[in-house]
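Input: a single structure, listed below in C-alpha cells.
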Amino acid sequence: MKQEQTWEKGLETTQKLITFCVPAYNSAPFLHFAIDSLLPFGKQIEVIIIDDGSKDDTGKVADSFAADHPDFIRVIHQKNGGHGAGINRGILEAKGLYFKVLDSDDWVDQKALGILLSEISFETEPIDLYITDYQYWRGHDKKGQYISYRYLFKKGCSEGGWDDLKTFKYSSNLTLHSTMYRTEILRLSGVKCPEHVSYEDNYFVYCPMPYVEKIRYVEVPLYQYLVGREGQSMENDTCIRKYHDFILDGTLIFDSHDIMAYKKDYPGLYRAMRHHLLLNMVMVPTFARLKNTKESNAKLKEFWLHCKKGNYKQYRSLRKHVAIFTLMFPGQIGITNVKSCYKLSHLLVRYN
C-alpha cells in the first residue's frame, strides 16, 4: 500500500518458503521442543536460532542441531539484546519467502505446517500476510484454549484485503502466534523491535500492517503456545513488575503510525489498526495501575501527556473509548475497575 513491492510469478525452487526465527536465551532444557517440531520440513524451510548471549548450554545445543542439519539450520551467537534483538537479527538474515517467529519453548503443529507449506507452494501472486490459528498449552500434555480467526472471514472465503475482514472481537487480536508476514513486507516497513524490552512483539505485528494488501487465512492451529512456565513474560506478577515495558511498547506503537490518516481512504486498515492500538493502550493503564506506586502512576501520566502532545486526534479517539475511560477512572474506584476488567480478560482468553 505504501511502497512498490516486487514479485516474480511463481517461486524459485531453491528458495526456502519460510524462515523460522527462534530467539533463544537460556533455553537449553527446552529448545528441542521448538526445533524438533521443525525437523521434518528441512527441504522447504530454514531455521535461524539466535543464541542471545545465553549463560547456559543453549549455544551448544543449538550448534548441535546445526551440525546435524547444516542444510537448513543456522545458529547466530550474539550478545544479549533481548527477544526483540533476536527478531531484528532474524529479519536481517532471513532468506525465506515468509518470516515466522517461534519462541524457544513453543512448537508448531506438524500437520498444520504441512498444510501451510502446501498453500504457499501453489501461490501465483503475493500474499503479504498469512493468518493461522493457535493453541494454548499449560505444560506439554495439557491443551488449553484454541484461538480461531475463522470469524474474521466471510463464509467460504479465506482471502482478501483489510476491507474484506469482519470486525475484530474484543477478546481477539493479531499476535505473534497468529501472523506470518512476507519477509519483504517486514523489510519494507522498517520494523525494528526495541532491545531489552518485553512485549515488543505487539509492535512487531502492528508496524507492517499498512504495507499489507493481500491476506490469506489458513484454518489450522500452526502455533502451539506454552504458558505457565516460571519466569515467562506473560505471567501475572511479571506483567505487573514490567509495567514500564508496556509503557515503552505502547509509546512505540502509538508513535509509529497516524491511523487517523487511513480512516477515510482505507477504512478496513483503519479498523484493524485501531483495534490493535486500542488493545495495547488498554494494557498500559492496566498494569501501571495494578502496580499502583507513586512511580507507576507518574509514568502513566507522562505516557498520556506524550500521546496527547504527539497526536491529539489519535489520543482523543482512544481516551474517549469506554475501555480506556473505565480503566483511567480516578481514585480507588478506578483501581477496582482495573482489577475487575483484568479478571474479566482472563475469563475471555482462558489459558486452560
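Letters A, B, ... go to the chains of the C-alpha cells in the order shown; residues in each chain start at 1; ligands are counted from 1 in the same order.
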- Determine, counting only C-alpha atoms, which protein, DNA and RNA residues have an atom within 10 Å of an atom of Gly139 of chain A; residues of the same chain fewer than 5 positions away are not included. Present the result as a PyMOL selection string. chain A and resi 144+225-229
Written file, previous selection with C-alpha atoms, as a CSV table (one decimal), in the first residue's frame:
chain,number,residue,atom,x,y,z
A,144,GLY,CA,-5.8,-25.0,26.6
A,225,TYR,CA,1.9,-21.7,22.7
A,226,LEU,CA,3.2,-22.9,26.1
A,227,VAL,CA,2.0,-20.8,29.1
A,228,GLY,CA,2.6,-21.2,32.8
A,229,ARG,CA,6.4,-21.8,32.8
- Query: Could you pull the residues within 7 Å of segment 19-35 of chain A, counting only C-alpha atoms, minus those fewer than 6 positions along the same chain, as number ranges by chain?
  - Reply: A: 45-58, 61, 83, 86-87, 90, 94-96, 98-107
- All residues 12 Å or closer to Tyr262 of chain A, only C-alpha atoms, same chain fewer than 2 positions away omitted, as a list in words: Met1, Lys2, Trp162, Asp163, Met209, Pro210, His257, Asp258, Ile259, Met260, Lys264, Asp265, Tyr266, Pro267, Gly268, Leu269, Tyr270, Arg271, Ala272, Met273, Arg274 and Gln314 of chain A
- as a VMD selection string, list the residues of segment 148-213 of chain A assigned to strand (DSSP E or B) by DSSP on the backbone atoms of this structure. chain A and resid 159 to 160 179 to 182
Store the residues of this selection in a file with N, CA and C atoms, as a compact mmCIF listing (two decimals), in the first residue's frame.
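Result written to again_15.txt:
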# COMPACT_ATOMS: atom_id res chain seq x y z
N GLU A 159 -9.56 -15.31 1.88
CA GLU A 159 -8.55 -14.43 1.29
C GLU A 159 -9.16 -13.07 0.99
N GLY A 160 -8.35 -12.03 1.08
CA GLY A 160 -8.82 -10.69 0.76
C GLY A 160 -7.89 -9.64 1.32
N THR A 179 0.26 -14.58 13.18
CA THR A 179 0.63 -13.87 11.96
C THR A 179 1.94 -14.38 11.38
N MET A 180 2.02 -14.34 10.06
CA MET A 180 3.27 -14.62 9.35
C MET A 180 3.35 -13.69 8.15
N TYR A 181 4.26 -12.73 8.21
CA TYR A 181 4.42 -11.75 7.14
C TYR A 181 5.39 -12.26 6.07
N ARG A 182 5.15 -11.78 4.85
CA ARG A 182 6.17 -11.98 3.82
C ARG A 182 7.41 -11.20 4.24
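Between atom CA of Asn202 of chain A and atom CA of Asp249 of chain A the interatomic distance comes to 7.6 Å.
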- Shortest contact to Ser158 of chain A, candidates A:Lys111, A:Lys242, A:Lys192, A:Arg216, atoms counted only C-alpha atoms, goes to A:Arg216
Would you give me, as JSON lines, each residue of segment 181-262 of chain A having an atom within 6 Å of an atom of segment 276-287 of chain A, along with its shortest atom pair and that distance in Å to one decimal, using only C-alpha atoms and sorting by chain and residue number?
{"residue": "A:Ile240", "atom": "CA", "partner": "A:Phe287", "partner_atom": "CA", "distance": 5.0}
{"residue": "A:Tyr243", "atom": "CA", "partner": "A:Phe287", "partner_atom": "CA", "distance": 5.2}
{"residue": "A:Phe246", "atom": "CA", "partner": "A:Val284", "partner_atom": "CA", "distance": 5.4}
{"residue": "A:Ile247", "atom": "CA", "partner": "A:Val284", "partner_atom": "CA", "distance": 5.5}
- Residue with smallest distance to Val322 of chain A - pool A:Ile335, A:Ile120, A:Cys341, A:Cys307, counting only C-alpha atoms: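 The closest residue to Val322 of chain A is A:Cys341.
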- Check segment 108-303 of chain A with DSSP on the backbone and list each residue it calls helix (DSSP H, G or I), as an NGL selection string. :A and (110-121 or 150-152 or 162-164 or 183-189 or 201-206 or 209-211 or 236-241 or 243-256 or 259-262 or 267-291 or 294-303)
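Shortest atom-to-atom contact with Asp128 of chain A among A:Leu38, A:Leu305, A:Leu252, A:Ile215: A:Ile215, counting only C-alpha atoms.
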So which residues touch Asn337 of chain A within 12 Å, counting only C-alpha atoms, skipping near sequence neighbours fewer than 3 positions away, as a PDB file with N, CA and C atoms, in the first residue's frame?
ATOM      1  N   PRO A 285      -2.488   1.242  31.050  1.00  0.00           N
ATOM      2  CA  PRO A 285      -3.034   1.597  32.370  1.00  0.00           C
ATOM      3  C   PRO A 285      -3.343   0.389  33.240  1.00  0.00           C
ATOM      4  N   THR A 286      -3.649  -0.754  32.624  1.00  0.00           N
ATOM      5  CA  THR A 286      -3.957  -1.948  33.419  1.00  0.00           C
ATOM      6  C   THR A 286      -2.796  -2.302  34.341  1.00  0.00           C
ATOM      7  N   ARG A 289      -1.525   0.648  36.788  1.00  0.00           N
ATOM      8  CA  ARG A 289      -2.395   0.890  37.934  1.00  0.00           C
ATOM      9  C   ARG A 289      -2.458  -0.318  38.868  1.00  0.00           C
ATOM     10  N   LEU A 290      -2.247  -1.517  38.327  1.00  0.00           N
ATOM     11  CA  LEU A 290      -2.139  -2.681  39.205  1.00  0.00           C
ATOM     12  C   LEU A 290      -0.864  -2.608  40.045  1.00  0.00           C
ATOM     13  N   VAL A 322     -14.761   3.553  25.902  1.00  0.00           N
ATOM     14  CA  VAL A 322     -15.268   3.143  27.207  1.00  0.00           C
ATOM     15  C   VAL A 322     -14.254   2.312  27.992  1.00  0.00           C
ATOM     16  N   ALA A 323     -13.460   1.506  27.294  1.00  0.00           N
ATOM     17  CA  ALA A 323     -12.483   0.671  27.989  1.00  0.00           C
ATOM     18  C   ALA A 323     -11.414   1.521  28.672  1.00  0.00           C
ATOM     19  N   ILE A 324     -10.871   2.495  27.933  1.00  0.00           N
ATOM     20  CA  ILE A 324      -9.848   3.366  28.492  1.00  0.00           C
ATOM     21  C   ILE A 324     -10.438   4.256  29.579  1.00  0.00           C
ATOM     22  N   PHE A 325     -11.634   4.781  29.332  1.00  0.00           N
ATOM     23  CA  PHE A 325     -12.298   5.632  30.323  1.00  0.00           C
ATOM     24  C   PHE A 325     -12.492   4.882  31.639  1.00  0.00           C
ATOM     25  N   THR A 326     -12.899   3.616  31.527  1.00  0.00           N
ATOM     26  CA  THR A 326     -13.131   2.804  32.721  1.00  0.00           C
ATOM     27  C   THR A 326     -11.844   2.555  33.490  1.00  0.00           C
ATOM     28  N   LEU A 327     -10.781   2.245  32.764  1.00  0.00           N
ATOM     29  CA  LEU A 327      -9.502   1.942  33.411  1.00  0.00           C
ATOM     30  C   LEU A 327      -8.851   3.169  34.024  1.00  0.00           C
ATOM     31  N   MET A 328      -9.135   4.336  33.468  1.00  0.00           N
ATOM     32  CA  MET A 328      -8.493   5.568  33.925  1.00  0.00           C
ATOM     33  C   MET A 328      -9.354   6.350  34.910  1.00  0.00           C
ATOM     34  N   PHE A 329     -10.478   5.778  35.334  1.00  0.00           N
ATOM     35  CA  PHE A 329     -11.322   6.485  36.303  1.00  0.00           C
ATOM     36  C   PHE A 329     -10.501   6.728  37.565  1.00  0.00           C
ATOM     37  N   PRO A 330     -10.536   7.939  38.100  1.00  0.00           N
ATOM     38  CA  PRO A 330      -9.634   8.280  39.210  1.00  0.00           C
ATOM     39  C   PRO A 330      -9.974   7.571  40.525  1.00  0.00           C
ATOM     40  N   GLY A 331      -8.974   7.537  41.383  1.00  0.00           N
ATOM     41  CA  GLY A 331      -9.172   7.055  42.747  1.00  0.00           C
ATOM     42  C   GLY A 331      -9.324   5.550  42.868  1.00  0.00           C
ATOM     43  N   GLN A 332      -9.841   5.130  44.028  1.00  0.00           N
ATOM     44  CA  GLN A 332      -9.984   3.716  44.332  1.00  0.00           C
ATOM     45  C   GLN A 332     -10.998   3.043  43.419  1.00  0.00           C
ATOM     46  N   ILE A 333     -11.987   3.805  42.978  1.00  0.00           N
ATOM     47  CA  ILE A 333     -12.969   3.228  42.046  1.00  0.00           C
ATOM     48  C   ILE A 333     -12.267   2.788  40.767  1.00  0.00           C
ATOM     49  N   GLY A 334     -11.327   3.613  40.303  1.00  0.00           N
ATOM     50  CA  GLY A 334     -10.582   3.266  39.100  1.00  0.00           C
ATOM     51  C   GLY A 334      -9.747   2.015  39.292  1.00  0.00           C
ATOM     52  N   SER A 340     -11.228  -5.586  38.186  1.00  0.00           N
ATOM     53  CA  SER A 340     -12.390  -6.301  37.646  1.00  0.00           C
ATOM     54  C   SER A 340     -12.212  -6.603  36.161  1.00  0.00           C
ATOM     55  N   CYS A 341     -11.721  -5.616  35.411  1.00  0.00           N
ATOM     56  CA  CYS A 341     -11.505  -5.803  33.968  1.00  0.00           C
ATOM     57  C   CYS A 341     -10.418  -6.842  33.701  1.00  0.00           C
ATOM     58  N   TYR A 342      -9.415  -6.843  34.563  1.00  0.00           N
ATOM     59  CA  TYR A 342      -8.325  -7.810  34.405  1.00  0.00           C
ATOM     60  C   TYR A 342      -8.829  -9.230  34.615  1.00  0.00           C
ATOM     61  N   LYS A 343      -9.661  -9.425  35.623  1.00  0.00           N
ATOM     62  CA  LYS A 343     -10.253 -10.744  35.854  1.00  0.00           C
ATOM     63  C   LYS A 343     -11.139 -11.155  34.679  1.00  0.00           C
ATOM     64  N   LEU A 344     -11.896 -10.201  34.149  1.00  0.00           N
ATOM     65  CA  LEU A 344     -12.765 -10.483  33.015  1.00  0.00           C
ATOM     66  C   LEU A 344     -11.961 -10.889  31.789  1.00  0.00           C
TER      67      LEU A 344
END
- Could you name the residues that touch Val197 of chain A at 9 Å or less, counting only C-alpha atoms, but leaving out those on the same chain fewer than 3 positions away, as a list in words?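 Skipping anything fewer than 3 positions along the chain leaves Gly81, Gly82, His83, Gly84, Cys193, Pro194, Glu200, Asp245, Phe246, Leu248 and Asp249 of chain A.
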